[in-house]
Amino acid sequence: MERRINWFGLAAGIITLVVVVVSLFLPWWQLTIGDKLIQVNASPMNTNFGLLSLQFTIPLIWAWNLASILTFVAAGLVMLLYSVIPTKSYSKELLGFSYKKPIYALISFVAGLLVLVAIASFLGVSIPVMGSSNVALPTQFMPMGASISVLVSGSFQLPFWLAIVAAALCIAARLYHRRVAKVPKTGPETAASPTETMSTSVSA
Amino acid sequence: MLITAIRVAVGMNTVKIALTLLTIAITVGPLVYVVFIYRDNLVGLVLPPQFANLGQNLGQNMSNGNLSSSQFNITGSDFQMPQLVSAPQYNPDTGEFSLSLNVTNPLTNELSIDQLSVQIQSKDNNALVGNISIPQPINIQPGESSIINVTGIMPQDMFNQISGQNTGNIDVNNIILKNLNVVVGGIKIHFDEIDPSSIQSLGGL
């Protein structure tokens with residue numbers, strides 16, 4: 001009897017859980033204003049803001065972050081479970097639950113970031129998503145002929161790139177499911193077929 | 001065969017329902033929890049607790065007519081007003097003055113003031129009467145104090161006024177600060193013109 005494992009799913013599950021752990025300590029995207037006078041640490045799992053030495057978060061965002069953490073943990077664990085039993089009748093349900101979560105989170109995060117940057121741009125403030133630039137605040141909001149310009153730098157951090165890897169592995173796991181869940185045919189010709197040789201299935 | 005197919009279908013549905021319930025629970029649960037915690041103060045859902053406290057302090061200070069900066073505790077440690085280290089020096093022949101201030105950095109970040117300069121103009125005839133600047137950039141480590149030297153040129157009457165030796169010849173409210181340039185913490189701030197009297201009236205002083 002042959003035990004099949006979806007190795008892409010296994011890797012996706014592990015990386016998804018790693019993303020959760022790393023995201024607790026590092027943001028996905030960080031915006032620094034001035035010499036760290038103001039910091040925006042954006043992440044689906046730990047969004048917070050820094051003003052001078054004060055770190056704070058918004059309770060509603062905290063709730064959203066907690067929901068994201070639980071979602072990622074559930075997705076990672078379910079993906080791990082699916083990976084070792086990809087041929088069960090309910091495995092596709094497990095996969096369908098787990099592979100979408102990191103992808104949706106990533107797409108939502110990037111979309112949200114782009115919307116925020118677009119809104120800021122509409123208000124006359126150009127925020128660099130990646131890299132640094134001198135940002136001048138709109139003079140119409142400034143009293144007494146004031147002008148304020150500040151060095152602003154934005155950068156994606158390690159968890160964001162890990163999330164991309166996790167999402168890519170989730171897609172790979174979904175695609176590979178067709179092959180790994182296929183009922184194996186008995187006979188000498190399938191055992192010798194090149195696709196089965198490349199397959200990541202292992203002997204029980 | 002049929003029984004097996006039914007069992008499989010039931011099993012799949014059970015898993016699907018369980019996963020759907022799990023999704024709802026982990027998505028809605030935290031939101032419901034936070035709303036429950038802040039049920040008596042829904043504004044608190046979008047206002048960080050630190051800023052809510054700051055708003056209360058501000059409200060109390062304004063109701064007391066007290067807007068002293070030392071009352072605010074946004075940084076987690078009390079801000080201290082700069083202290084004059086020694087008597088300001090003034091050269092009546094050239095109009096040059098210098099003074100030293102002891103400034104404490106209450107932040108957990110390094111405080112850097114790269115530039116500070118301002119011109120002083122008389123309201124009466126718009127004549128440039130002096131200027132103030134710091135001769136070199138300042139970096140103060142978190143929680144530490146540093147001496148900041150301030151130099152400039154101004155009329156003796158104004159110097160006396162500012163240094164507390166009021167001769168009554170020049171009213172500080174009769175000046176305008178022009179071209180104030182400050183570069184602090186990487187932020188460049190420029191004011192074309194500041195009327196000190198308007199700032200005083202805003203502060204209720």
# chains A, B, ... in the order shown; residues from 1 in each chain; ligands from 1
>>> interface_residues(of="chain B", to="chain A", cutoff="7 Å", atoms="only C-alpha atoms", output="JSON, numbers by chain")
{"B": [8, 11, 12, 15, 16, 19, 26, 27, 30, 31, 34, 45, 46, 47, 48, 75, 76, 107, 108, 109, 185, 186, 187, 188, 189, 190, 191, 192, 193, 194]}
>>> select_by_dssp(residues="stretch 72-175 of chain A", states="alpha helix (DSSP H)", output="PyMOL selection string")
chain A and resi 72-84+91-122+158-175
>>> atom_distance(atom1="atom CA of B:Pro106", atom2="atom CA of B:Gly143")
5.1 Å
>>> residues_around(residues="B:Leu116", least_positions_apart="5", cutoff="7 Å", atoms="only C-alpha atoms", output="JSON, numbers by chain")
{"B": [133, 134, 181, 182, 183]}
>>> atom_distance(atom1="atom CA of B:Asn139", atom2="atom CA of B:Ser98")
19.4 Å
>>> residues_around(residues="stretch 151-155 of chain B", least_positions_apart="3", cutoff="7 Å", atoms="only C-alpha atoms", output="list in words")
Gly95, Glu96, Phe97, Ser98, Leu99, Val129, Gly130, Asn131, Ile132, Ser133, Ile134, Pro135, Met158 and Phe159 of chain B
>>> write_last_selection(atoms="N, CA and C atoms", output="short mmCIF file (atom, residue, chain, number, x, y, z; two decimals), in the first residue's frame")
data_model
loop_
_atom_site.label_atom_id
_atom_site.label_comp_id
_atom_site.auth_asym_id
_atom_site.auth_seq_id
_atom_site.Cartn_x
_atom_site.Cartn_y
_atom_site.Cartn_z
N GLY B 95 25.81 93.68 19.00
CA GLY B 95 24.44 93.16 19.08
C GLY B 95 24.39 91.65 19.12
N GLU B 96 25.54 91.00 19.19
CA GLU B 96 25.56 89.54 19.21
C GLU B 96 25.26 89.02 20.61
N PHE B 97 24.53 87.96 20.66
CA PHE B 97 24.23 87.34 21.95
C PHE B 97 24.45 85.83 21.86
N SER B 98 24.57 85.23 22.99
CA SER B 98 24.63 83.76 23.04
C SER B 98 24.06 83.30 24.38
N LEU B 99 23.42 82.19 24.35
CA LEU B 99 22.91 81.59 25.58
C LEU B 99 22.96 80.07 25.45
N VAL B 129 15.51 93.14 12.58
CA VAL B 129 16.20 93.61 13.78
C VAL B 129 17.13 92.55 14.37
N GLY B 130 17.03 91.33 13.94
CA GLY B 130 17.94 90.33 14.49
C GLY B 130 17.69 88.95 13.94
N ASN B 131 18.44 88.01 14.45
CA ASN B 131 18.23 86.62 14.06
C ASN B 131 18.69 85.70 15.18
N ILE B 132 18.19 84.51 15.13
CA ILE B 132 18.54 83.49 16.13
C ILE B 132 18.84 82.20 15.39
N SER B 133 19.86 81.49 15.84
CA SER B 133 20.17 80.20 15.20
C SER B 133 20.98 79.33 16.15
N ILE B 134 21.08 78.08 15.83
CA ILE B 134 22.01 77.20 16.55
C ILE B 134 23.19 76.97 15.62
N PRO B 135 24.40 77.14 16.15
CA PRO B 135 25.57 77.08 15.27
C PRO B 135 25.90 75.70 14.75
N MET B 158 15.62 94.49 22.99
CA MET B 158 14.93 93.22 22.84
C MET B 158 15.61 92.14 23.68
N PHE B 159 16.91 92.18 23.69
CA PHE B 159 17.64 91.20 24.49
C PHE B 159 17.26 91.33 25.96
#
>>> decode(residues="stretch 25-173 of chain A", atoms="C-alpha atoms", output="compact mmCIF listing (two decimals), in the first residue's frame")
# COMPACT_ATOMS: atom_id res chain seq x y z
CA PHE A 25 7.64 40.27 15.61
CA LEU A 26 7.99 41.96 12.22
CA PRO A 27 5.47 43.89 10.13
CA TRP A 28 4.71 42.98 6.52
CA TRP A 29 5.22 46.58 5.48
CA GLN A 30 6.81 49.41 7.39
CA LEU A 31 6.53 53.12 6.79
CA THR A 32 9.01 55.34 8.57
CA ILE A 33 8.54 59.09 8.75
CA GLY A 34 11.53 61.22 9.67
CA ASP A 35 14.13 59.70 11.98
CA LYS A 36 11.65 57.09 13.24
CA LEU A 37 9.47 59.87 14.63
CA ILE A 38 6.43 58.17 13.22
CA GLN A 39 6.25 54.53 12.21
CA VAL A 40 3.47 52.54 10.64
CA ASN A 41 3.89 48.80 11.01
CA ALA A 42 1.29 47.27 8.76
CA SER A 43 0.53 43.58 8.84
CA PRO A 44 -2.60 41.44 8.75
CA MET A 45 -1.42 39.98 12.04
CA ASN A 46 0.17 42.80 13.99
CA THR A 47 -0.59 46.30 12.81
CA ASN A 48 0.61 49.02 15.12
CA PHE A 49 1.77 52.58 15.02
CA GLY A 50 4.65 54.42 16.63
CA LEU A 51 4.55 58.09 17.49
CA LEU A 52 7.84 59.18 19.04
CA SER A 53 8.37 56.51 21.69
CA LEU A 54 4.71 55.62 22.00
CA GLN A 55 3.54 52.37 20.42
CA PHE A 56 -0.16 51.90 19.99
CA THR A 57 -2.75 49.99 18.05
CA ILE A 58 -6.42 50.50 17.34
CA PRO A 59 -8.69 47.98 19.08
CA LEU A 60 -10.71 47.28 15.94
CA ILE A 61 -7.53 46.60 13.99
CA TRP A 62 -6.31 44.44 16.87
CA ALA A 63 -9.46 42.32 16.51
CA TRP A 64 -8.89 42.02 12.78
CA ASN A 65 -5.27 41.02 13.47
CA LEU A 66 -6.39 38.36 15.94
CA ALA A 67 -8.85 37.00 13.39
CA SER A 68 -6.05 36.88 10.82
CA ILE A 69 -3.74 35.05 13.20
CA LEU A 70 -6.40 32.45 13.95
CA THR A 71 -7.22 32.13 10.26
CA PHE A 72 -3.58 31.60 9.33
CA VAL A 73 -3.02 29.10 12.14
CA ALA A 74 -6.15 27.18 11.16
CA ALA A 75 -5.18 27.27 7.49
CA GLY A 76 -1.66 26.09 8.26
CA LEU A 77 -2.78 23.24 10.49
CA VAL A 78 -5.54 22.11 8.13
CA MET A 79 -3.09 22.26 5.22
CA LEU A 80 -0.66 20.06 7.17
CA LEU A 81 -3.47 17.62 7.93
CA TYR A 82 -4.55 17.58 4.31
CA SER A 83 -0.99 17.06 3.08
CA VAL A 84 -0.65 13.72 4.79
CA ILE A 85 -4.11 12.46 3.74
CA PRO A 86 -4.64 13.93 0.28
CA THR A 87 -6.53 10.91 -1.01
CA LYS A 88 -9.33 10.87 1.55
CA SER A 89 -12.83 11.71 0.40
CA TYR A 90 -12.87 14.93 2.44
CA SER A 91 -9.33 16.00 1.59
CA LYS A 92 -10.48 18.38 -1.11
CA GLU A 93 -12.60 20.17 1.49
CA LEU A 94 -9.57 20.53 3.74
CA LEU A 95 -7.49 21.82 0.85
CA GLY A 96 -10.22 24.20 -0.27
CA PHE A 97 -10.37 25.64 3.23
CA SER A 98 -6.64 26.04 3.74
CA TYR A 99 -5.08 27.02 0.43
CA LYS A 100 -7.22 30.10 -0.15
CA LYS A 101 -6.56 31.82 3.16
CA PRO A 102 -2.93 32.96 2.64
CA ILE A 103 -3.71 33.95 -0.95
CA TYR A 104 -6.72 36.04 0.02
CA ALA A 105 -4.81 37.61 2.91
CA LEU A 106 -1.94 38.54 0.64
CA ILE A 107 -4.19 39.96 -2.07
CA SER A 108 -6.29 41.88 0.48
CA PHE A 109 -3.18 43.31 2.14
CA VAL A 110 -1.61 44.49 -1.11
CA ALA A 111 -4.94 45.88 -2.32
CA GLY A 112 -5.49 47.71 0.98
CA LEU A 113 -2.00 49.15 0.84
CA LEU A 114 -2.48 50.37 -2.72
CA VAL A 115 -5.83 51.92 -1.82
CA LEU A 116 -4.26 53.75 1.12
CA VAL A 117 -1.42 55.03 -1.05
CA ALA A 118 -3.94 56.12 -3.69
CA ILE A 119 -6.00 57.98 -1.09
CA ALA A 120 -2.88 59.69 0.24
CA SER A 121 -1.89 60.59 -3.30
CA PHE A 122 -5.36 62.00 -3.90
CA LEU A 123 -4.86 64.21 -0.83
CA GLY A 124 -1.57 65.41 -2.25
CA VAL A 125 0.77 63.24 -0.17
CA SER A 126 2.91 60.85 -2.12
CA ILE A 127 3.82 57.81 -0.02
CA PRO A 128 6.51 55.48 -1.35
CA VAL A 129 5.45 51.85 -1.09
CA MET A 130 9.06 50.81 -1.53
CA GLY A 131 12.04 53.12 -1.19
CA SER A 132 12.43 56.63 0.16
CA SER A 133 11.30 60.04 -0.92
CA ASN A 134 10.95 63.53 0.44
CA VAL A 135 7.27 64.13 1.00
CA ALA A 136 5.92 67.64 1.24
CA LEU A 137 2.63 68.04 3.07
CA PRO A 138 -0.03 69.97 1.15
CA THR A 139 0.36 73.69 1.88
CA GLN A 140 -3.41 74.25 1.97
CA PHE A 141 -3.52 72.40 5.30
CA MET A 142 -0.69 74.46 6.79
CA PRO A 143 -1.23 77.62 8.84
CA MET A 144 0.94 80.74 8.72
CA GLY A 145 2.57 79.91 5.39
CA ALA A 146 4.14 76.81 6.82
CA SER A 147 5.62 74.07 4.76
CA ILE A 148 6.65 70.71 6.07
CA SER A 149 8.68 68.18 4.18
CA VAL A 150 9.85 64.93 5.58
CA LEU A 151 11.85 61.92 4.51
CA VAL A 152 9.47 58.99 4.22
CA SER A 153 10.57 55.46 3.54
CA GLY A 154 8.48 52.38 2.98
CA SER A 155 9.65 48.81 2.76
CA PHE A 156 8.29 45.30 2.70
CA GLN A 157 9.67 43.10 5.44
CA LEU A 158 10.51 39.41 5.70
CA PRO A 159 6.98 38.17 6.62
CA PHE A 160 5.57 39.68 3.44
CA TRP A 161 7.99 37.73 1.27
CA LEU A 162 7.34 34.61 3.32
CA ALA A 163 3.61 35.15 2.77
CA ILE A 164 4.22 35.28 -0.98
CA VAL A 165 6.13 31.99 -0.76
CA ALA A 166 3.30 30.49 1.32
CA ALA A 167 0.70 31.68 -1.19
CA ALA A 168 2.72 30.28 -4.10
CA LEU A 169 3.08 26.94 -2.33
CA CYS A 170 -0.65 26.92 -1.62
CA ILE A 171 -1.35 27.36 -5.32
CA ALA A 172 1.18 24.64 -6.12
CA ALA A 173 -0.48 22.37 -3.55
